[in-house]
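Report on the following structure.
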Amino acid sequence: MQRTLALTVARHIALRKKVYSLSFRPTAAMSTLLINQPKYAWLKELGLKEDNDGVYNGTWGGKGEVVTSYCPANNEPIARVRQATLEEYEETVKKAREAWKVWTDIPAPKRGEIVRQIGDALRQKIKVLGSLVSLEMGKIYVEGVGEVQEYVDVCDYAVGLSRMIGGPVLPSERPGHALIEQWNPVGLVGIITAFNFPVAVYGWNNAIALICGNVCLWKGAPTTPLTSVAVTKIVAEVLEQNNLPGAICSMTCGGADIGTAMAKDERVNLVSFTGSTHVGKLVSLMVQERFGRQLLELGGNNAIIVFEDADLSLVVPSAVFAAVGTAGQRCTTTRRLMLHESVHDEVVQRITKAYKQVRIGDPWDPNTLYGPLHTKQAVDQYLAAIEQAKQQGGTVVCGAKVMDRPGNYVEPTIITGLAHDAPIVHTETFVPILYVLKFKSEEEAFAWNNEVKQGLSSSIFTKDMGRVFRWLGPKGSDCGIVNVNIPTSGAEIGGAFGGEKHTGGGRESGSDSWKQYMRRSTCTINYSKDLPLAQGIKFE
């Protein structure tokens with residue numbers, strides 16, 4: 001879901017001069033918020049303070065519940081955010097729809113210019129915003145910066161797209177007639193994002209929706225509200241500098257009450273939801289009940305399949321990166337590793353050795369490859385899944401322990417010996433547990449890949465070109481992302497991102513994903529003096 005941004009040692013050193021390593025100690029009292037400590041003073045460069053407004057619709061506000069954001073690396077409080085009330089949500093929707101009347105009249109290339117400026121503003125804050133993602137979400141610093149880079153990249157993509165979107169002129173069967181497709185914005189796009197990519201997923205939706213002529217209302221994850229506030233401040237400043245209504249990019253921090261309101265609100269023309277399959281199904285039913293439009297990006301139970309002819313020098317780093325990266329908290333994380341019986345033992349041995357070399361620690365340390373889980377609840381889910389795997393016949397090869405240190409740290413885990421259809425194997429658990437399965441044939445491996453309910457990402461490692469094209473074809477992978485000789489994670493913004501089945505069917509970011517944010521009209525124009533009917537029908 002994210003490209004890791006390669007950073008030079010010099011850039012790491014420059015950041016470390018500015019941001020010191022996290023200190024690990026017992027949970028601090030509310031009076032000792034991290035934002036008030038000198039080494040976290042950089043948070044104020046993002047406009048953050050001890051108490052932050054969680055509503056933006058041209059003006060800042062927030063009269064709802066006060067929530068505290070915690071750092072997963074030490075479980076210390078960072079700062080507080082005042083969430084939206086339902087009354088503030090109502091006010092924000094009204095302002096957003098009024099702002100749409102202004103925004104949609106601006107030509108698409110001019111809208112693209114505003115998006116270009118948003119991308120430039122993000123570039124200027126990329127290191128400090130990436131640091132906030134690392135602090136609040138828990139992913140390592142290079143991934144935090146890489147996530148902001150995704151927003152920057154999709155802004156660049158959207159700028160070019162703003163001069164290219166449109167429909168075809170089609171041949172009409174009637175003389176003196178023109179047949180065209182006209183694409184128009186849907187209106188107000190509600191964007192609900194998850195904790196694991198608190199910047200990038202909003203960016204994918206926001207940049208494309210804006211150049212299409214829509215306005216946006218964002219509800220970020222309740223556990224990453226500071227990132228939502230910081231990003232919105234950057235975007236709002238660009239809008240204000242161009243004398244545009246701030247409500248074009250509105251935000252209402254909140255919980256299930258705000259999300260439910262968005263899903264049920266007929267004034268929200270498209271609901272883009274990223275999160276779990278369970279919650280996504282609830283959102284989908286509410287939106288469908290009002291015949292609304294929805295874009296769902298839900299769970300993934302992704303598999304890497306390694307055949308007997310695979311280049312193992314590619315397999316090992318790919319599997320480790322895809323299973324361990326972001327501490328197993330990507331929707332594209334590899335959760336199932338299927339190994340041909342002829343290479344099974346060797347690959348398990350090599351990956352186990354690599355796991356033991358994964359550098360675990362402070363997310364800001366440039367040598368760290370693996371940080372904490374996002375919440376204490378995730379730690380509980382990790383332990384529960386391991387216990388279930390053991391009960392179902394699995395053998396722990398490495399990991400399976402909570403680490404004895406402050407924060408939500410667990411050991412990345414490999415489990416072998418489970419049946420391909422064991423209940424725990426078919427369950428997406430958002431933690432760093434890799435289930436290793438042994439297969440005999442191509443047909444068997446392809447079937448196992450497709451038998452889970454989700455259909456997000458998949459990959460095979462092979463040198464057999466016939467197998468490659470069978471994998472890409474109708475009897476191959478049923479996923480939205482189908483890779484060869486690369487991991488399941490690490491999607492580029494130029495391609496459409498999303499999956500099939502219980503993953504939701506939505507597509508974001510590149511390719512023709514822009515069509516999800518627009519409505520299509522087929523238009524017939526008679527420029528003749530006659531009135532011929534289609535299909536040669538006579539009505540005289």
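Chain identifiers are assigned as A, B, and so on, following the order in which chains appear in the structure tokens; residues are numbered from 1 within each chain, and ligands are numbered from 1 in order of appearance.
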For range 418-421 of chain A: contacts at 8 Å, only C-alpha atoms, fewer than 3 positions along chain excluded, given as a PDB file with N, CA, C and O atoms, in the first residue's frame:
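Written file, part15.pdb:
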```
ATOM      1  N   ALA A 389      -3.861 -20.531  16.577  1.00  0.00           N
ATOM      2  CA  ALA A 389      -3.037 -21.258  15.607  1.00  0.00           C
ATOM      3  C   ALA A 389      -2.454 -22.524  16.229  1.00  0.00           C
ATOM      4  O   ALA A 389      -2.419 -23.591  15.599  1.00  0.00           O
ATOM      5  N   GLN A 392      -5.047 -25.193  16.508  1.00  0.00           N
ATOM      6  CA  GLN A 392      -5.449 -25.743  15.214  1.00  0.00           C
ATOM      7  C   GLN A 392      -4.321 -26.508  14.528  1.00  0.00           C
ATOM      8  O   GLN A 392      -4.434 -26.874  13.357  1.00  0.00           O
ATOM      9  N   GLY A 393      -3.228 -26.770  15.255  1.00  0.00           N
ATOM     10  CA  GLY A 393      -2.162 -27.612  14.740  1.00  0.00           C
ATOM     11  C   GLY A 393      -0.919 -26.899  14.266  1.00  0.00           C
ATOM     12  O   GLY A 393      -0.017 -27.532  13.701  1.00  0.00           O
ATOM     13  N   GLY A 394      -0.833 -25.609  14.495  1.00  0.00           N
ATOM     14  CA  GLY A 394       0.326 -24.855  14.049  1.00  0.00           C
ATOM     15  C   GLY A 394       1.521 -24.990  14.980  1.00  0.00           C
ATOM     16  O   GLY A 394       1.375 -25.245  16.181  1.00  0.00           O
ATOM     17  N   THR A 395       2.708 -24.812  14.417  1.00  0.00           N
ATOM     18  CA  THR A 395       3.953 -24.846  15.178  1.00  0.00           C
ATOM     19  C   THR A 395       4.643 -23.494  15.060  1.00  0.00           C
ATOM     20  O   THR A 395       4.890 -23.016  13.943  1.00  0.00           O
ATOM     21  N   ILE A 415       4.576 -19.176  11.725  1.00  0.00           N
ATOM     22  CA  ILE A 415       3.899 -20.396  12.168  1.00  0.00           C
ATOM     23  C   ILE A 415       3.766 -21.338  10.981  1.00  0.00           C
ATOM     24  O   ILE A 415       3.283 -20.952   9.909  1.00  0.00           O
ATOM     25  N   VAL A 425      -6.088 -19.371   9.545  1.00  0.00           N
ATOM     26  CA  VAL A 425      -5.435 -18.999   8.281  1.00  0.00           C
ATOM     27  C   VAL A 425      -6.382 -18.164   7.425  1.00  0.00           C
ATOM     28  O   VAL A 425      -5.963 -17.267   6.695  1.00  0.00           O
ATOM     29  N   HIS A 426      -7.661 -18.441   7.532  1.00  0.00           N
ATOM     30  CA  HIS A 426      -8.660 -17.707   6.756  1.00  0.00           C
ATOM     31  C   HIS A 426      -9.127 -16.435   7.468  1.00  0.00           C
ATOM     32  O   HIS A 426     -10.028 -15.761   6.977  1.00  0.00           O
ATOM     33  N   TYR A 435       1.699 -17.204   8.265  1.00  0.00           N
ATOM     34  CA  TYR A 435       1.361 -18.626   8.219  1.00  0.00           C
ATOM     35  C   TYR A 435       2.010 -19.235   6.980  1.00  0.00           C
ATOM     36  O   TYR A 435       1.743 -18.805   5.851  1.00  0.00           O
ATOM     37  N   VAL A 436       2.872 -20.232   7.193  1.00  0.00           N
ATOM     38  CA  VAL A 436       3.590 -20.872   6.097  1.00  0.00           C
ATOM     39  C   VAL A 436       2.898 -22.185   5.753  1.00  0.00           C
ATOM     40  O   VAL A 436       2.710 -23.055   6.621  1.00  0.00           O
ATOM     41  N   LEU A 437       2.534 -22.340   4.467  1.00  0.00           N
ATOM     42  CA  LEU A 437       1.810 -23.514   3.995  1.00  0.00           C
ATOM     43  C   LEU A 437       2.645 -24.238   2.934  1.00  0.00           C
ATOM     44  O   LEU A 437       3.389 -23.609   2.181  1.00  0.00           O
ATOM     45  N   TRP A 448      -5.768 -22.320  -3.387  1.00  0.00           N
ATOM     46  CA  TRP A 448      -5.606 -21.851  -2.004  1.00  0.00           C
ATOM     47  C   TRP A 448      -5.565 -20.322  -1.950  1.00  0.00           C
ATOM     48  O   TRP A 448      -6.116 -19.716  -1.029  1.00  0.00           O
TER      49      TRP A 448
END
```
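Residues within 10 Å of Val93 in chain A, counting only C-alpha atoms and excluding same-chain residues fewer than 2 positions away, are A:Asn57, A:Glu88, A:Tyr89, A:Glu90, A:Glu91, A:Lys95, A:Ala96, A:Arg97, A:Glu98, A:Ala99, A:Leu188, A:Gly190, A:Cys216, A:Leu217, A:Ala247, A:Ser250, A:Met251, A:Thr252, A:Met262, A:Asp265, A:Arg267, A:Val268.
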Give me every helix (DSSP H, G or I) residue in range 322-483 of chain A, going by DSSP on the backbone, as a ChimeraX atom specification.
/A:322-328,344-355,376-391,442-450,465-472
Excluding Gly187 in chain A and its own-chain neighbours fewer than 2 positions away, which residues fall within 10 Å of it when counting only C-alpha atoms? Please give them as a ChimeraX atom specification.
/A:96-97,100-101,103-104,184-185,189-190,209-210,212-216,267-270,517-519
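Once Thr334 in chain A and its same-chain neighbours fewer than 2 positions away are set aside, Asn302, Ala303, Ile304, Ala322, Ala323, Thr332, Arg336 and Thr488 of chain A remain within 7 Å of it when counting only C-alpha atoms.
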Store the residues picked out above in a file with N, CA, C and O atoms, as a PDB file, in the first residue's frame.
```
ATOM      1  N   ASN A 302      -3.539 -11.750   2.198  1.00  0.00           N
ATOM      2  CA  ASN A 302      -2.713 -11.820   1.009  1.00  0.00           C
ATOM      3  C   ASN A 302      -1.689 -12.955   1.066  1.00  0.00           C
ATOM      4  O   ASN A 302      -1.138 -13.253   2.123  1.00  0.00           O
ATOM      5  N   ALA A 303      -1.434 -13.526  -0.111  1.00  0.00           N
ATOM      6  CA  ALA A 303      -0.538 -14.675  -0.190  1.00  0.00           C
ATOM      7  C   ALA A 303       0.614 -14.422  -1.166  1.00  0.00           C
ATOM      8  O   ALA A 303       0.435 -13.800  -2.213  1.00  0.00           O
ATOM      9  N   ILE A 304       1.791 -14.918  -0.783  1.00  0.00           N
ATOM     10  CA  ILE A 304       2.909 -15.077  -1.707  1.00  0.00           C
ATOM     11  C   ILE A 304       3.051 -16.574  -1.977  1.00  0.00           C
ATOM     12  O   ILE A 304       3.077 -17.377  -1.039  1.00  0.00           O
ATOM     13  N   ALA A 322       7.245  -7.822   3.239  1.00  0.00           N
ATOM     14  CA  ALA A 322       5.791  -7.794   3.131  1.00  0.00           C
ATOM     15  C   ALA A 322       5.096  -8.283   4.390  1.00  0.00           C
ATOM     16  O   ALA A 322       3.964  -7.888   4.679  1.00  0.00           O
ATOM     17  N   ALA A 323       5.751  -9.148   5.158  1.00  0.00           N
ATOM     18  CA  ALA A 323       5.132  -9.690   6.374  1.00  0.00           C
ATOM     19  C   ALA A 323       5.434  -8.858   7.607  1.00  0.00           C
ATOM     20  O   ALA A 323       4.613  -8.774   8.531  1.00  0.00           O
ATOM     21  N   THR A 332      -2.123  -4.738   2.695  1.00  0.00           N
ATOM     22  CA  THR A 332      -1.432  -5.580   1.718  1.00  0.00           C
ATOM     23  C   THR A 332      -0.364  -6.471   2.352  1.00  0.00           C
ATOM     24  O   THR A 332       0.410  -7.122   1.635  1.00  0.00           O
ATOM     25  N   ARG A 336      -0.067 -15.098   4.333  1.00  0.00           N
ATOM     26  CA  ARG A 336       0.083 -16.513   3.977  1.00  0.00           C
ATOM     27  C   ARG A 336       1.267 -16.650   3.014  1.00  0.00           C
ATOM     28  O   ARG A 336       1.315 -15.963   1.998  1.00  0.00           O
ATOM     29  N   THR A 488       3.611  -8.605  -1.954  1.00  0.00           N
ATOM     30  CA  THR A 488       2.201  -8.205  -2.046  1.00  0.00           C
ATOM     31  C   THR A 488       2.004  -6.736  -1.692  1.00  0.00           C
ATOM     32  O   THR A 488       1.004  -6.138  -2.063  1.00  0.00           O
TER      33      THR A 488
END
```
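Compared by their closest atoms to Glu87 in chain A, and using only C-alpha atoms, the residues A:Gly62, A:Glu443, A:Asp51, A:Pro412 rank with A:Gly62 nearest.
Running DSSP on the backbone gives strand (DSSP E or B) for these residues within range 52-129 of chain A: Asn52, Asp53, Val55, Tyr56, Trp60, Gly61, Val66, Val67, Thr68, Ser69, Tyr70, Cys71, Glu76, Pro77, Ile78, Ala79, Arg80, Val81 and Arg82 of chain A.
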Export of the given selection (N, CA, C and O atoms) as a compact mmCIF listing (two decimals), in the first residue's frame:
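Once everything was written out, this is out.txt:
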```txt
# COMPACT_ATOMS: atom_id res chain seq x y z
N ASN A 52 -6.35 20.70 20.66
CA ASN A 52 -6.51 21.01 19.24
C ASN A 52 -7.97 20.89 18.82
O ASN A 52 -8.69 19.98 19.26
N ASP A 53 -8.38 21.80 17.95
CA ASP A 53 -9.72 21.74 17.38
C ASP A 53 -9.79 20.59 16.38
O ASP A 53 -8.90 20.43 15.54
N VAL A 55 -12.48 20.10 14.23
CA VAL A 55 -13.45 20.39 13.18
C VAL A 55 -12.90 21.53 12.33
O VAL A 55 -12.41 22.53 12.86
N TYR A 56 -12.98 21.36 11.00
CA TYR A 56 -12.62 22.45 10.10
C TYR A 56 -13.61 22.50 8.96
O TYR A 56 -13.86 21.51 8.28
N TRP A 60 -12.15 26.87 12.38
CA TRP A 60 -11.82 25.75 13.27
C TRP A 60 -12.76 25.72 14.48
O TRP A 60 -13.20 26.76 14.96
N GLY A 61 -13.09 24.52 14.92
CA GLY A 61 -13.95 24.35 16.08
C GLY A 61 -13.86 22.95 16.63
O GLY A 61 -12.98 22.17 16.25
N VAL A 66 -13.46 15.11 24.11
CA VAL A 66 -12.01 15.34 24.03
C VAL A 66 -11.31 13.99 24.07
O VAL A 66 -11.51 13.20 25.00
N VAL A 67 -10.49 13.72 23.04
CA VAL A 67 -9.75 12.46 22.98
C VAL A 67 -8.26 12.76 23.06
O VAL A 67 -7.79 13.80 22.60
N THR A 68 -7.54 11.85 23.68
CA THR A 68 -6.09 11.97 23.81
C THR A 68 -5.42 11.01 22.84
O THR A 68 -5.79 9.84 22.76
N SER A 69 -4.44 11.52 22.11
CA SER A 69 -3.67 10.68 21.21
C SER A 69 -2.43 10.17 21.94
O SER A 69 -1.73 10.94 22.61
N TYR A 70 -2.16 8.86 21.80
CA TYR A 70 -1.03 8.23 22.50
C TYR A 70 0.02 7.74 21.51
O TYR A 70 -0.31 7.34 20.38
N CYS A 71 1.24 7.74 21.95
CA CYS A 71 2.36 7.24 21.15
C CYS A 71 2.48 5.72 21.35
O CYS A 71 2.71 5.27 22.47
N GLU A 76 2.65 6.92 25.88
CA GLU A 76 2.54 8.21 26.55
C GLU A 76 1.64 9.14 25.74
O GLU A 76 1.59 9.05 24.51
N PRO A 77 0.90 10.03 26.41
CA PRO A 77 -0.01 10.93 25.70
C PRO A 77 0.75 12.01 24.93
O PRO A 77 1.71 12.58 25.45
N ILE A 78 0.29 12.27 23.72
CA ILE A 78 0.96 13.28 22.89
C ILE A 78 0.28 14.63 23.04
O ILE A 78 0.90 15.63 23.40
N ALA A 79 -1.02 14.67 22.74
CA ALA A 79 -1.81 15.90 22.82
C ALA A 79 -3.28 15.50 22.73
O ALA A 79 -3.60 14.32 22.56
N ARG A 80 -4.15 16.49 22.84
CA ARG A 80 -5.60 16.22 22.86
C ARG A 80 -6.28 16.88 21.66
O ARG A 80 -5.81 17.90 21.14
N VAL A 81 -7.43 16.30 21.27
CA VAL A 81 -8.24 16.82 20.17
C VAL A 81 -9.70 16.83 20.61
O VAL A 81 -10.19 15.85 21.16
N ARG A 82 -10.37 17.95 20.34
CA ARG A 82 -11.81 18.05 20.60
C ARG A 82 -12.56 17.63 19.34
O ARG A 82 -12.48 18.29 18.30
```
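Among the candidates A:Asp156, A:Tyr141, A:Ala121, A:Val133, the residue lying nearest to Asp365 in chain A is A:Tyr141 (atoms considered: only C-alpha atoms).
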Leaving out Gln454 in chain A and any residue of its chain fewer than 5 positions from it, which residues lie within 9 Å of it when counting only C-alpha atoms, given as a PyMOL selection string?
chain A and resi 277+298-302+428+479+499-504
Just write the chosen residues, N, CA, C and O atoms, as a JSON list (two decimals), in the first residue's frame.
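Result file is out-v4.json:
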```
[["chain", "number", "residue", "atom", "x", "y", "z"],
["A", 277, "THR", "N", -13.20, -5.19, 7.16],
["A", 277, "THR", "CA", -14.33, -5.75, 6.41],
["A", 277, "THR", "C", -15.61, -5.67, 7.23],
["A", 277, "THR", "O", -16.70, -5.39, 6.69],
["A", 298, "LEU", "N", -11.17, -2.53, 1.88],
["A", 298, "LEU", "CA", -11.28, -3.24, 3.15],
["A", 298, "LEU", "C", -10.09, -4.18, 3.36],
["A", 298, "LEU", "O", -8.98, -3.86, 2.99],
["A", 299, "GLY", "N", -10.34, -5.31, 3.97],
["A", 299, "GLY", "CA", -9.26, -6.18, 4.40],
["A", 299, "GLY", "C", -8.60, -6.97, 3.28],
["A", 299, "GLY", "O", -9.07, -7.02, 2.14],
["A", 300, "GLY", "N", -7.49, -7.60, 3.62],
["A", 300, "GLY", "CA", -6.79, -8.47, 2.69],
["A", 300, "GLY", "C", -6.14, -9.63, 3.43],
["A", 300, "GLY", "O", -5.56, -9.44, 4.49],
["A", 301, "ASN", "N", -6.27, -10.83, 2.89],
["A", 301, "ASN", "CA", -5.58, -12.01, 3.44],
["A", 301, "ASN", "C", -4.63, -12.49, 2.35],
["A", 301, "ASN", "O", -4.87, -13.47, 1.67],
["A", 302, "ASN", "N", -3.54, -11.75, 2.20],
["A", 302, "ASN", "CA", -2.71, -11.82, 1.01],
["A", 302, "ASN", "C", -1.69, -12.96, 1.07],
["A", 302, "ASN", "O", -1.14, -13.25, 2.12],
["A", 428, "GLU", "N", -8.19, -12.68, 8.76],
["A", 428, "GLU", "CA", -7.21, -11.59, 8.69],
["A", 428, "GLU", "C", -7.02, -11.00, 10.08],
["A", 428, "GLU", "O", -7.93, -10.39, 10.63],
["A", 479, "CYS", "N", -7.54, -11.59, -7.26],
["A", 479, "CYS", "CA", -7.32, -10.36, -6.48],
["A", 479, "CYS", "C", -7.27, -9.12, -7.38],
["A", 479, "CYS", "O", -7.09, -9.22, -8.59],
["A", 499, "GLY", "N", -9.37, -4.11, -4.25],
["A", 499, "GLY", "CA", -9.49, -5.55, -4.39],
["A", 499, "GLY", "C", -10.92, -6.00, -4.59],
["A", 499, "GLY", "O", -11.86, -5.20, -4.62],
["A", 500, "GLU", "N", -11.07, -7.31, -4.70],
["A", 500, "GLU", "CA", -12.35, -7.94, -5.00],
["A", 500, "GLU", "C", -12.94, -8.60, -3.76],
["A", 500, "GLU", "O", -12.36, -8.61, -2.69],
["A", 501, "LYS", "N", -14.13, -9.16, -3.94],
["A", 501, "LYS", "CA", -14.83, -9.92, -2.90],
["A", 501, "LYS", "C", -14.98, -9.09, -1.62],
["A", 501, "LYS", "O", -15.42, -7.93, -1.68],
["A", 502, "HIS", "N", -14.59, -9.63, -0.46],
["A", 502, "HIS", "CA", -14.79, -8.91, 0.79],
["A", 502, "HIS", "C", -13.83, -7.75, 0.98],
["A", 502, "HIS", "O", -13.91, -7.04, 1.97],
["A", 503, "THR", "N", -12.94, -7.55, 0.02],
["A", 503, "THR", "CA", -12.10, -6.35, 0.05],
["A", 503, "THR", "C", -12.90, -5.13, -0.39],
["A", 503, "THR", "O", -12.49, -4.00, -0.12],
["A", 504, "GLY", "N", -14.01, -5.34, -1.05],
["A", 504, "GLY", "CA", -14.94, -4.25, -1.29],
["A", 504, "GLY", "C", -15.17, -3.84, -2.72],
["A", 504, "GLY", "O", -16.19, -3.22, -3.03]]
```
